[in-house]
$ cat start.cif   # mmCIF, C-alpha atoms
data_start
#
loop_
_atom_site.label_atom_id
_atom_site.label_comp_id
_atom_site.auth_asym_id
_atom_site.auth_seq_id
_atom_site.Cartn_x
_atom_site.Cartn_y
_atom_site.Cartn_z
CA MET A 1 29.57 30.39 67.83
CA SER A 2 29.79 33.12 65.19
CA LYS A 3 27.02 35.73 65.11
CA ILE A 4 26.29 38.09 62.24
CA LEU A 5 23.50 40.66 62.23
CA ILE A 6 22.47 42.08 58.85
CA LYS A 7 20.61 45.37 59.42
CA ASN A 8 18.36 47.50 57.20
CA ALA A 9 18.28 45.15 54.23
CA LYS A 10 15.69 45.02 51.48
CA ILE A 11 14.92 41.33 51.88
CA VAL A 12 13.78 39.56 48.69
CA ASN A 13 12.09 36.30 49.63
CA GLU A 14 9.04 34.21 48.73
CA GLY A 15 7.48 36.72 46.37
CA VAL A 16 7.86 39.87 48.47
CA ILE A 17 10.42 42.59 49.23
CA PHE A 18 10.45 44.00 52.75
CA GLU A 19 12.88 46.00 54.86
CA GLY A 20 14.26 44.17 57.84
CA ASP A 21 17.08 42.52 59.73
CA VAL A 22 18.44 38.97 59.72
CA LEU A 23 20.36 37.43 62.61
CA VAL A 24 22.72 34.58 61.81
CA GLU A 25 24.03 32.28 64.53
CA ASP A 26 26.53 29.57 63.75
CA LYS A 27 25.37 28.03 60.40
CA TYR A 28 21.75 29.07 60.60
CA ILE A 29 19.32 31.94 60.22
CA LYS A 30 18.25 32.54 63.82
CA GLU A 31 15.77 35.38 63.32
CA VAL A 32 14.16 37.45 60.57
CA ALA A 33 12.35 40.58 61.80
CA ALA A 34 11.65 44.25 61.11
CA SER A 35 14.30 45.21 63.66
CA ILE A 36 16.74 43.09 65.68
CA SER A 37 19.12 44.38 68.35
CA PRO A 38 22.52 42.69 68.77
CA LYS A 39 22.35 40.30 71.71
CA SER A 40 26.07 40.30 72.46
CA SER A 41 29.19 42.39 71.93
CA ASP A 42 30.85 39.74 69.72
CA CYS A 43 28.14 40.03 67.03
CA ILE A 44 29.41 41.26 63.64
CA ILE A 45 27.02 43.92 62.33
CA ILE A 46 26.62 44.53 58.59
CA ASP A 47 24.67 47.66 57.70
CA ALA A 48 22.95 46.73 54.44
CA GLU A 49 21.23 50.11 54.04
CA GLY A 50 19.69 50.30 50.54
CA ASN A 51 21.02 46.89 49.48
CA TYR A 52 19.06 43.74 48.61
CA LEU A 53 19.43 40.58 50.68
CA ILE A 54 18.65 37.44 48.70
CA PRO A 55 19.00 33.72 49.42
CA GLY A 56 22.20 32.40 47.85
CA ALA A 57 21.61 31.17 44.31
CA ILE A 58 21.53 27.41 43.73
CA ASP A 59 23.05 26.54 40.36
CA ASP A 60 21.63 23.19 39.31
CA GLN A 61 24.05 22.65 36.42
CA VAL A 62 27.80 23.26 36.46
CA HIS A 63 30.92 21.55 35.13
CA PHE A 64 33.83 22.26 37.49
CA ARG A 65 36.20 19.92 35.59
CA GLU A 66 37.63 17.93 38.49
CA PRO A 67 38.97 15.30 38.20
CA GLY A 68 40.77 14.94 34.90
CA LEU A 69 40.31 18.33 33.22
CA THR A 70 41.75 20.59 35.90
CA HIS A 71 43.74 22.74 33.45
CA LYS A 72 40.33 24.29 32.68
CA GLY A 73 39.13 24.66 36.28
CA ASN A 74 38.70 22.75 39.53
CA ILE A 75 36.25 22.58 42.38
CA ALA A 76 38.24 25.10 44.46
CA SER A 77 38.74 27.69 41.70
CA GLU A 78 35.23 27.56 40.27
CA SER A 79 33.39 27.41 43.61
CA ARG A 80 35.47 30.44 44.65
CA ALA A 81 34.21 32.30 41.56
CA ALA A 82 30.68 31.09 42.35
CA VAL A 83 30.56 32.59 45.85
CA ALA A 84 31.94 35.87 44.46
CA GLY A 85 28.98 35.75 42.09
CA GLY A 86 26.34 35.05 44.74
CA ILE A 87 25.99 31.31 44.03
CA THR A 88 26.23 29.45 47.33
CA SER A 89 25.30 25.92 46.20
CA PHE A 90 25.98 23.99 43.00
CA ILE A 91 25.10 20.67 41.40
CA GLU A 92 27.95 19.38 39.26
CA GLN A 93 27.70 17.10 36.26
CA PRO A 94 29.29 13.67 35.71
CA ASN A 95 31.18 14.22 32.43
CA THR A 96 34.54 14.68 34.13
CA VAL A 97 37.50 12.37 33.39
CA PRO A 98 36.88 9.64 34.33
CA ASN A 99 33.11 9.98 33.97
CA ALA A 100 31.28 9.66 37.30
CA VAL A 101 29.37 6.52 36.29
CA THR A 102 30.16 4.27 39.28
CA GLN A 103 29.40 4.88 42.93
CA GLU A 104 33.12 4.83 43.72
CA LEU A 105 33.99 7.50 41.12
CA LEU A 106 31.04 9.60 42.22
CA GLU A 107 32.12 9.46 45.86
CA GLN A 108 35.67 10.51 44.95
CA LYS A 109 34.28 13.83 43.72
CA TYR A 110 32.45 14.35 47.00
CA GLN A 111 35.69 13.73 48.88
CA ILE A 112 37.51 16.40 46.83
CA ALA A 113 34.71 18.91 47.40
CA ALA A 114 34.63 18.21 51.15
CA GLU A 115 38.23 19.44 51.34
CA THR A 116 38.24 22.23 48.76
CA SER A 117 34.79 23.71 48.03
CA TYR A 118 33.89 27.28 49.01
CA ALA A 119 30.21 26.60 48.16
CA ASN A 120 27.78 23.81 49.04
CA TYR A 121 27.88 20.95 46.58
CA SER A 122 26.21 17.94 45.08
CA PHE A 123 27.30 15.74 42.19
CA MET A 124 25.04 13.94 39.75
CA MET A 125 25.41 10.27 38.98
CA GLY A 126 26.01 9.70 35.27
CA GLY A 127 24.10 7.25 33.13
CA THR A 128 25.51 5.23 30.22
CA ASN A 129 24.16 2.51 27.94
CA ASP A 130 25.39 -0.14 30.38
CA ASN A 131 25.49 1.06 34.01
CA LEU A 132 21.89 0.62 35.19
CA GLU A 133 23.04 -1.46 38.17
CA GLU A 134 25.28 1.38 39.38
CA ILE A 135 22.53 3.96 38.82
CA LEU A 136 20.15 2.01 41.04
CA LYS A 137 22.65 2.08 43.93
CA THR A 138 22.48 5.89 44.08
CA ASN A 139 21.35 7.26 47.43
CA PRO A 140 18.47 9.75 46.93
CA LYS A 141 19.20 11.40 50.31
CA ASN A 142 22.66 12.69 49.41
CA VAL A 143 22.89 12.73 45.60
CA ALA A 144 21.01 15.33 43.53
CA GLY A 145 19.93 13.06 40.69
CA ILE A 146 20.82 11.05 37.59
CA LYS A 147 22.23 12.85 34.53
CA LEU A 148 21.73 11.51 31.02
CA PHE A 149 23.25 12.94 27.86
CA LEU A 150 20.90 12.35 24.95
CA GLY A 151 23.40 14.21 22.73
CA SER A 152 27.17 13.75 22.48
CA SER A 153 29.34 14.21 25.53
CA THR A 154 32.74 13.40 27.02
CA GLY A 155 33.74 9.72 26.99
CA ASN A 156 31.04 7.06 27.00
CA MET A 157 28.15 9.20 28.21
CA LEU A 158 25.87 9.32 25.18
CA VAL A 159 22.80 7.25 26.10
CA ASP A 160 21.27 6.31 22.75
CA ASN A 161 19.98 2.81 23.36
CA GLU A 162 16.20 3.20 23.56
CA GLU A 163 15.66 0.03 25.56
CA THR A 164 18.26 1.16 28.13
CA LEU A 165 16.71 4.62 28.32
CA GLU A 166 13.31 3.16 29.06
CA LYS A 167 14.79 0.90 31.73
CA ILE A 168 16.49 3.86 33.43
CA PHE A 169 13.34 5.99 33.25
CA SER A 170 11.14 3.25 34.67
CA SER A 171 13.58 1.92 37.31
CA THR A 172 14.79 4.92 39.30
CA PRO A 173 12.61 7.03 41.59
CA MET A 174 15.26 9.79 41.46
CA LEU A 175 15.08 12.95 39.42
CA ILE A 176 16.53 12.37 35.93
CA ALA A 177 18.12 15.43 34.35
CA VAL A 178 18.74 15.34 30.62
CA HIS A 179 20.75 17.11 27.95
CA CYS A 180 18.50 16.94 24.90
CA GLU A 181 19.92 17.17 21.37
CA ASP A 182 19.31 14.57 18.68
CA GLU A 183 22.65 13.12 17.62
CA GLY A 184 21.55 11.94 14.15
CA THR A 185 20.22 15.38 13.20
CA ILE A 186 23.41 17.12 14.40
CA LYS A 187 25.70 14.70 12.53
CA ALA A 188 23.79 15.17 9.27
CA ASN A 189 23.88 18.97 9.63
CA LEU A 190 27.58 18.96 10.48
CA GLU A 191 28.48 16.87 7.44
CA LYS A 192 26.65 19.32 5.18
CA TYR A 193 28.68 22.27 6.48
CA LYS A 194 31.96 20.31 6.53
CA GLU A 195 31.55 19.57 2.83
CA GLU A 196 31.55 23.30 2.18
CA TYR A 197 33.98 24.64 4.81
CA GLY A 198 36.06 21.70 6.08
CA ASP A 199 37.06 22.25 9.73
CA ASN A 200 36.81 26.03 9.46
CA ILE A 201 33.03 26.28 9.58
CA PRO A 202 32.07 29.84 10.58
CA VAL A 203 30.72 29.65 14.15
CA LYS A 204 27.66 31.66 13.07
CA PHE A 205 26.32 28.37 11.67
CA HIS A 206 26.57 26.62 15.07
CA HIS A 207 22.87 27.14 15.82
CA LEU A 208 21.96 25.66 12.42
CA ILE A 209 24.14 22.59 13.01
CA ARG A 210 22.94 22.03 16.58
CA SER A 211 19.55 23.12 15.37
CA GLU A 212 16.12 23.84 16.77
CA GLU A 213 14.95 20.54 15.28
CA ALA A 214 17.77 18.59 16.99
CA CYS A 215 16.70 20.04 20.35
CA TYR A 216 12.97 19.58 19.82
CA ILE A 217 13.19 15.97 18.60
CA SER A 218 15.20 14.98 21.67
CA SER A 219 13.22 16.99 24.26
CA SER A 220 9.86 15.76 22.99
CA LYS A 221 11.09 12.13 23.03
CA ALA A 222 12.34 12.50 26.62
CA ILE A 223 9.02 14.00 27.70
CA GLU A 224 7.06 11.25 25.96
CA LEU A 225 9.16 8.63 27.75
CA ALA A 226 8.72 10.36 31.12
CA LYS A 227 4.95 10.43 30.66
CA LYS A 228 4.94 6.76 29.65
CA THR A 229 7.07 5.60 32.61
CA GLY A 230 6.08 8.15 35.27
CA ALA A 231 9.71 9.25 35.65
CA ARG A 232 10.61 12.53 37.36
CA LEU A 233 12.22 14.45 34.47
CA HIS A 234 14.13 17.75 34.49
CA ILE A 235 15.23 19.13 31.10
CA PHE A 236 18.42 21.16 31.21
CA HIS A 237 19.21 24.27 29.14
CA VAL A 238 16.11 24.66 26.97
CA SER A 239 17.26 26.86 24.07
CA THR A 240 14.46 27.13 21.50
CA ALA A 241 11.04 28.73 21.16
CA LYS A 242 9.63 25.45 19.87
CA GLU A 243 10.63 23.53 23.00
CA THR A 244 8.85 26.00 25.31
CA GLU A 245 5.55 24.63 23.95
CA LEU A 246 6.35 21.28 25.59
CA PHE A 247 6.02 22.60 29.15
CA THR A 248 3.06 23.64 31.28
CA ASN A 249 2.25 26.31 33.85
CA LYS A 250 -1.19 24.87 34.59
CA ILE A 251 -0.09 23.10 37.77
CA PRO A 252 2.00 24.21 40.77
CA LEU A 253 5.72 23.48 40.62
CA GLU A 254 5.45 21.02 43.53
CA ASP A 255 3.06 18.89 41.44
CA LYS A 256 5.08 18.90 38.22
CA LYS A 257 6.69 15.64 37.15
CA ILE A 258 8.40 17.38 34.21
CA THR A 259 10.35 20.59 34.82
CA ALA A 260 12.63 22.78 32.72
CA GLU A 261 15.67 25.01 33.06
CA VAL A 262 16.99 27.89 30.98
CA CYS A 263 20.56 29.15 31.13
CA VAL A 264 21.82 32.70 31.43
CA HIS A 265 23.57 32.65 28.05
CA HIS A 266 20.41 31.64 26.20
CA LEU A 267 18.59 34.56 27.84
CA TRP A 268 21.43 37.00 27.05
CA PHE A 269 23.05 36.24 23.68
CA THR A 270 21.67 35.55 20.19
CA ASP A 271 23.13 34.29 16.92
CA ALA A 272 23.92 37.94 16.04
CA ASP A 273 26.61 37.84 18.77
CA TYR A 274 28.64 35.09 17.06
CA GLU A 275 30.24 37.68 14.79
CA LYS A 276 31.83 39.52 17.73
CA LYS A 277 32.20 36.74 20.32
CA GLY A 278 33.00 33.77 18.04
CA ASN A 279 33.74 30.48 19.81
CA LEU A 280 33.52 32.21 23.21
CA ILE A 281 29.74 31.78 22.97
CA LYS A 282 29.87 28.35 21.37
CA TRP A 283 27.69 26.25 23.70
CA ASN A 284 25.75 23.02 23.40
CA PRO A 285 22.86 23.53 22.95
CA ALA A 286 23.71 26.49 20.77
CA VAL A 287 22.75 30.10 21.35
CA LYS A 288 19.87 30.53 18.91
CA THR A 289 17.93 33.46 17.37
CA ALA A 290 16.44 36.61 18.90
CA LYS A 291 12.98 35.03 18.50
CA ASP A 292 14.13 32.01 20.51
CA ARG A 293 15.53 34.27 23.22
CA ASP A 294 12.28 36.25 23.41
CA GLU A 295 10.19 33.10 23.72
CA LEU A 296 12.51 31.70 26.42
CA TRP A 297 11.97 34.89 28.42
CA LYS A 298 8.19 34.54 27.97
CA ALA A 299 8.21 30.92 29.12
CA LEU A 300 10.41 31.78 32.09
CA LEU A 301 8.14 34.61 33.20
CA ASP A 302 4.90 32.65 32.78
CA ASP A 303 6.36 29.66 34.68
CA ARG A 304 6.55 27.09 31.90
CA ILE A 305 10.32 27.24 32.57
CA ASP A 306 11.13 26.78 36.24
CA VAL A 307 14.85 27.46 36.82
CA ILE A 308 17.66 29.78 35.70
CA ALA A 309 21.10 28.11 35.78
CA THR A 310 24.52 28.61 34.17
CA ASP A 311 25.80 25.34 32.66
CA HIS A 312 29.17 26.82 33.70
CA ALA A 313 31.72 24.90 31.61
CA PRO A 314 35.17 26.50 31.37
CA HIS A 315 37.76 25.87 28.65
CA THR A 316 41.08 27.58 28.13
CA LEU A 317 41.23 30.53 25.76
CA GLU A 318 43.73 28.56 23.68
CA GLU A 319 41.22 25.72 23.24
CA LYS A 320 38.50 28.18 22.29
CA GLN A 321 40.72 29.65 19.55
CA ASN A 322 40.80 26.33 17.68
CA PRO A 323 38.89 25.94 14.38
CA TYR A 324 35.16 25.33 14.75
CA THR A 325 35.22 21.52 14.66
CA SER A 326 37.87 21.24 17.41
CA ALA A 327 36.92 24.27 19.55
CA PRO A 328 35.10 22.89 22.60
CA SER A 329 31.61 24.06 23.56
CA GLY A 330 30.90 25.74 26.88
CA GLY A 331 31.97 28.78 28.83
CA PRO A 332 32.42 30.09 32.39
CA LEU A 333 29.43 31.86 33.97
CA VAL A 334 29.06 31.39 37.75
CA GLN A 335 30.73 34.68 38.73
CA HIS A 336 28.44 36.78 36.54
CA ALA A 337 25.07 34.99 36.43
CA VAL A 338 23.33 36.77 39.31
CA VAL A 339 24.49 40.26 38.29
CA ALA A 340 23.51 39.51 34.67
CA MET A 341 19.99 38.72 35.87
CA PHE A 342 19.98 41.91 37.99
CA GLU A 343 20.91 43.71 34.76
CA ALA A 344 17.81 42.19 33.16
CA TYR A 345 15.86 43.58 36.15
CA HIS A 346 17.28 47.06 35.43
CA GLN A 347 16.18 46.61 31.81
CA GLY A 348 12.62 45.89 32.98
CA LYS A 349 12.63 42.27 31.80
CA ILE A 350 12.17 40.52 35.17
CA SER A 351 11.38 41.35 38.79
CA LEU A 352 13.80 40.71 41.65
CA GLU A 353 11.21 38.41 43.24
CA LYS A 354 11.15 36.31 40.05
CA ILE A 355 14.98 36.16 39.89
CA VAL A 356 15.08 34.80 43.44
CA GLU A 357 12.28 32.35 42.67
CA LYS A 358 14.06 30.95 39.61
CA MET A 359 17.63 30.96 41.00
CA ALA A 360 17.07 29.95 44.64
CA HIS A 361 13.53 28.88 45.62
CA ASN A 362 12.74 26.67 42.63
CA PRO A 363 16.02 24.71 42.46
CA ALA A 364 15.54 23.98 46.17
CA LYS A 365 11.98 22.79 45.52
CA ILE A 366 12.73 20.76 42.38
CA PHE A 367 15.63 18.87 43.96
CA LYS A 368 14.01 18.87 47.45
CA ILE A 369 17.15 20.36 48.98
CA GLU A 370 17.05 20.40 52.78
CA LYS A 371 16.89 23.82 54.46
CA ARG A 372 18.31 25.92 51.65
CA GLY A 373 17.07 28.32 48.99
CA PHE A 374 14.95 30.54 51.27
CA ILE A 375 15.46 33.21 53.94
CA ARG A 376 13.68 31.35 56.74
CA GLU A 377 14.42 30.93 60.42
CA GLY A 378 16.11 27.57 60.98
CA TYR A 379 17.45 27.38 57.43
CA PHE A 380 21.16 27.43 56.57
CA ALA A 381 22.49 30.99 56.33
CA ASP A 382 23.38 31.01 52.63
CA LEU A 383 22.85 34.71 51.99
CA VAL A 384 23.91 37.32 49.44
CA LEU A 385 23.87 41.12 49.61
CA VAL A 386 23.55 42.96 46.30
CA ASN A 387 24.09 46.67 45.74
CA ALA A 388 21.86 47.38 42.72
CA GLY A 389 23.44 50.79 42.12
CA GLN A 390 27.19 50.19 42.10
CA PRO A 391 28.31 49.90 38.45
CA TRP A 392 31.39 47.96 37.39
CA THR A 393 32.92 46.48 34.26
CA VAL A 394 33.98 42.86 33.73
CA LYS A 395 37.74 42.93 33.02
CA LYS A 396 40.55 40.34 32.89
CA GLU A 397 41.84 41.50 36.29
CA ASN A 398 38.53 40.90 38.13
CA ILE A 399 37.69 37.53 36.53
CA LEU A 400 38.16 34.68 39.04
CA TYR A 401 37.72 31.65 36.76
CA LYS A 402 40.83 29.52 36.40
CA CYS A 403 40.51 29.84 32.60
CA GLY A 404 40.88 33.64 32.99
CA TRP A 405 38.23 34.81 30.53
CA SER A 406 34.48 35.46 30.40
CA PRO A 407 31.94 35.84 27.59
CA PHE A 408 30.83 38.94 29.56
CA GLU A 409 34.24 40.61 29.33
CA GLY A 410 33.69 44.30 28.60
CA ALA A 411 30.10 44.20 29.87
CA ASN A 412 29.01 46.95 32.27
CA PHE A 413 26.83 45.78 35.14
CA LYS A 414 24.85 48.16 37.35
CA SER A 415 24.74 45.74 40.30
CA ARG A 416 27.50 44.30 42.43
CA ILE A 417 27.61 41.44 44.94
CA THR A 418 28.97 42.97 48.18
CA HIS A 419 28.75 40.06 50.68
CA THR A 420 28.22 36.31 50.46
CA LEU A 421 27.58 34.04 53.44
CA VAL A 422 27.86 30.26 53.13
CA ASN A 423 26.64 28.26 56.13
CA GLY A 424 26.77 31.41 58.24
CA GLN A 425 30.36 32.27 57.36
CA LEU A 426 31.24 35.49 55.57
CA VAL A 427 33.23 34.10 52.63
CA TYR A 428 33.10 37.10 50.28
CA VAL A 429 33.31 40.77 51.20
CA ASN A 430 34.71 43.95 49.59
CA SER A 431 35.46 42.19 46.28
CA LYS A 432 37.61 39.57 48.01
CA VAL A 433 36.99 35.86 48.61
CA LYS A 434 38.26 34.82 52.03
CA ASP A 435 40.08 31.50 52.24
CA ILE A 436 37.17 29.86 54.08
CA ARG A 437 36.19 26.60 52.40
CA CYS A 438 33.05 25.89 54.36
CA GLY A 439 30.86 24.34 51.66
CA GLU A 440 28.86 21.32 52.79
CA ARG A 441 27.32 18.37 50.98
CA LEU A 442 23.72 19.11 50.02
CA LEU A 443 21.15 16.76 51.51
CA PHE A 444 17.76 16.02 50.01
CA ASP A 445 14.38 15.61 51.65
CA ARG A 446 13.33 12.42 49.88
#
$ encode --input "start.cif" --output "structure tokens"
Amino acid sequence: MSKILIKNAKIVNEGVIFEGDVLVEDKYIKEVAASISPKSSDCIIIDAEGNYLIPGAIDDQVHFREPGLTHKGNIASESRAAVAGGITSFIEQPNTVPNAVTQELLEQKYQIAAETSYANYSFMMGGTNDNLEEILKTNPKNVAGIKLFLGSSTGNMLVDNEETLEKIFSSTPMLIAVHCEDEGTIKANLEKYKEEYGDNIPVKFHHLIRSEEACYISSSKAIELAKKTGARLHIFHVSTAKETELFTNKIPLEDKKITAEVCVHHLWFTDADYEKKGNLIKWNPAVKTAKDRDELWKALLDDRIDVIATDHAPHTLEEKQNPYTSAPSGGPLVQHAVVAMFEAYHQGKISLEKIVEKMAHNPAKIFKIEKRGFIREGYFADLVLVNAGQPWTVKKENILYKCGWSPFEGANFKSRITHTLVNGQLVYVNSKVKDIRCGERLLFDR
């Protein structure tokens, strides 16, 4: 049985910061106290003096590209980058190749992760216009939820049949997570710009093509349907000021039937960054205006928005250098999300307690993840130490994504992840990921 004692940490957990020690035995947190003495000589002691100890982040939306798109990334490479970035659990999306829209295809992804993942994992079941029967076979105990694309996606994953949508919403008791962009609005906008520019549309128009209106139309429809059917709805990557008005902070998170997520890139970048970053910050939904970013921050801080995630979606640099209409949307983020949010803390935008709430506690609550997301005795020891005063710069040579680039390249961060534990095992230390693939399948208390 491995034993690790973390001493003198500033523990950030459940709305407070306190100095103390944490004893880890085997996979679990054995004790949390002001001071703990090692009980045996084989206990590894980590002196965390001055550093913050946080529960490992739970990223509720990633695309790790396996199977079928592994030239961009795979479960091993991207989960390795995740643990280096303080993310110890992830929920991956079904738009791989083939799409995970049958129970058999879904289970194949779990089998790959069981052998290769450095972090804990779950995979969402994908919905289509014609797979309701398969959706209803999904086990709520060991699958995070159902994912629906209400805007274009890989393969056959656009769900645009209203009758089917209503059937899915009213038939499954599971959490339904949605990508909300109105396809008709986007197509009309795209045609307008193609008439003027052909395929070489300047990327600065991306947020006008995948517009505020496209997002709002789709989000408001999804919310209306959830209210009508009583479905448990979670809206991914909210990107506009207008959409924030759709959510409430009047009831506790545990009582919400409709929850929302914002992604790091929508909190960080604005349309002014397209000029310098180009297609590297081309995401769907698009990075919008400074006003949108400001309102997203407001909604996050006042609890209308419940979760911070990444929507990590790597593509090769070569693919990103294509003209606008063929350059894919998405970018890699798991290695830099936590330190980017710590940077926002240094800038006075958010407290450390709120970062932990939005990146660890709330994903665990929303998805009802068993024994993760908190620093509590008896919980899995998914723990991260952060030195908030050890500056570094994102460079090609320290990027771990298989695609080899980051939209944060050149950024200077004041905080650094020093240690990551997954299920009680020290998988990241001194800027190196150990070859310990100890991620486990997430289980759900429902």
$ closest_residue --input "start.cif" --among "A:Glu409, A:Asp382, A:Glu181, A:Glu166" --to "Asp26 of chain A" --atoms "only C-alpha atoms"
A:Asp382
$ resolve_selection --input "start.cif" --expression "the PyMOL selection byres ((chain A and resi 204) around 7)" --output "number ranges by chain"
A: 202-203, 205-206, 271, 274-275
$ residues_near_point --input "start.cif" --point "(17.4, 28.5, 33.6)" --cutoff "8 Å" --atoms "only C-alpha atoms" --output "MDAnalysis selection string"
chainID A and resid 236:238 260:264 300 305:310 358:359
$ resolve_selection --input "start.cif" --expression "the PyMOL selection byres ((chain A and resi 45) around 8)" --output "count of residues only"
9
$ resolve_selection --input "start.cif" --expression "the PyMOL selection byres ((chain A and resi 391) around 9)" --output "PDB file with C-alpha atoms, in the coordinates of the input"
ATOM      1  CA  ALA A 388      21.860  47.380  42.720  1.00  0.00           C
ATOM      2  CA  GLY A 389      23.440  50.790  42.120  1.00  0.00           C
ATOM      3  CA  GLN A 390      27.190  50.190  42.100  1.00  0.00           C
ATOM      4  CA  TRP A 392      31.390  47.960  37.390  1.00  0.00           C
ATOM      5  CA  THR A 393      32.920  46.480  34.260  1.00  0.00           C
ATOM      6  CA  ASN A 412      29.010  46.950  32.270  1.00  0.00           C
ATOM      7  CA  PHE A 413      26.830  45.780  35.140  1.00  0.00           C
ATOM      8  CA  LYS A 414      24.850  48.160  37.350  1.00  0.00           C
ATOM      9  CA  SER A 415      24.740  45.740  40.300  1.00  0.00           C
ATOM     10  CA  ARG A 416      27.500  44.300  42.430  1.00  0.00           C
TER      11      ARG A 416
END
$ residues_around --input "start.cif" --residues "Lys320 of chain A" --least-positions-apart "4" --cutoff "10 Å" --atoms "all atoms listed in the file" --output "list of chain:residue names"
A:Gly278, A:Asn279, A:Leu280, A:Ile281, A:Lys282, A:Pro314, A:His315, A:Thr316, A:Tyr324, A:Ser326, A:Ala327, A:Pro328, A:Ser329, A:Gly330, A:Gly331
$ closest_atom_pairs --input "start.cif" --of "segment 87-188 of chain A" --to "segment 361-375 of chain A" --cutoff "12 Å" --atoms "only C-alpha atoms" --output "Markdown table"
| residue | atom | partner | partner_atom | distance |
| --- | --- | --- | --- | --- |
| A:Ile87 | CA | A:Gly373 | CA | 10.6 |
| A:Thr88 | CA | A:Gly373 | CA | 9.4 |
| A:Ser89 | CA | A:Arg372 | CA | 8.9 |
| A:Phe90 | CA | A:Pro363 | CA | 10.0 |
| A:Ile91 | CA | A:Phe367 | CA | 10.0 |
| A:Asn120 | CA | A:Arg372 | CA | 10.0 |
| A:Tyr121 | CA | A:Ile369 | CA | 11.0 |
| A:Ser122 | CA | A:Ile369 | CA | 10.2 |
| A:Met124 | CA | A:Phe367 | CA | 11.4 |
| A:Pro140 | CA | A:Phe367 | CA | 10.0 |
| A:Lys141 | CA | A:Ile369 | CA | 9.3 |
| A:Asn142 | CA | A:Ile369 | CA | 9.5 |
| A:Val143 | CA | A:Phe367 | CA | 9.6 |
| A:Ala144 | CA | A:Phe367 | CA | 6.5 |
| A:Gly145 | CA | A:Phe367 | CA | 7.9 |
| A:Ile146 | CA | A:Phe367 | CA | 11.3 |
| A:Met174 | CA | A:Phe367 | CA | 9.4 |
| A:Leu175 | CA | A:Phe367 | CA | 7.5 |
| A:Ile176 | CA | A:Phe367 | CA | 10.4 |
| A:Ala177 | CA | A:Phe367 | CA | 10.5 |
$ residues_around --input "start.cif" --residues "segment 28-37 of chain A" --least-positions-apart "4" --cutoff "8 Å" --atoms "all atoms listed in the file" --output "VMD selection string"
chain A and resid 5 7 to 8 19 to 24 375 to 381 423 to 424
$ atom_distance --input "start.cif" --atom1 "atom CA of Gly73 of chain A" --atom2 "atom CA of Ala313 of chain A"
8.8 Å
$ residues_around --input "start.cif" --residues "segment 225-229 of chain A" --least-positions-apart "5" --cutoff "9 Å" --atoms "all atoms listed in the file" --output "list in words"
Leu165, Glu166, Phe169, Ser170, Ser171, Ser220, Lys257 and Ile258 of chain A
$ residues_around --input "start.cif" --residues "segment 334-336 of chain A" --least-positions-apart "5" --cutoff "9 Å" --atoms "all atoms listed in the file" --output "PyMOL selection string"
chain A and resi 59+62+78-87+309-312+341+394+399-401+406+408
$ residues_near_point --input "start.cif" --point "(22.0, 35.1, 25.6)" --cutoff "12 Å" --atoms "only C-alpha atoms" --output "ChimeraX atom specification"
/A:237,239-240,262-274,277,281-283,285-294,296-297,310,333,337,340-341,344,407-408
$ atom_distance --input "start.cif" --atom1 "atom CA of Thr244 of chain A" --atom2 "atom CA of Asp303 of chain A"
10.4 Å
$ axis_aligned_box --input "start.cif" --around "segment 100-110 of chain A" --padding-each-side "4 Å" --output "AutoDock Vina command-line options"
--center_x 32.5 --center_y 9.3 --center_z 41.6 --size_x 14.3 --size_y 18.1 --size_z 18.7
$ atom_distance --input "start.cif" --atom1 "atom CA of Arg446 of chain A" --atom2 "atom CA of Arg232 of chain A"
12.8 Å
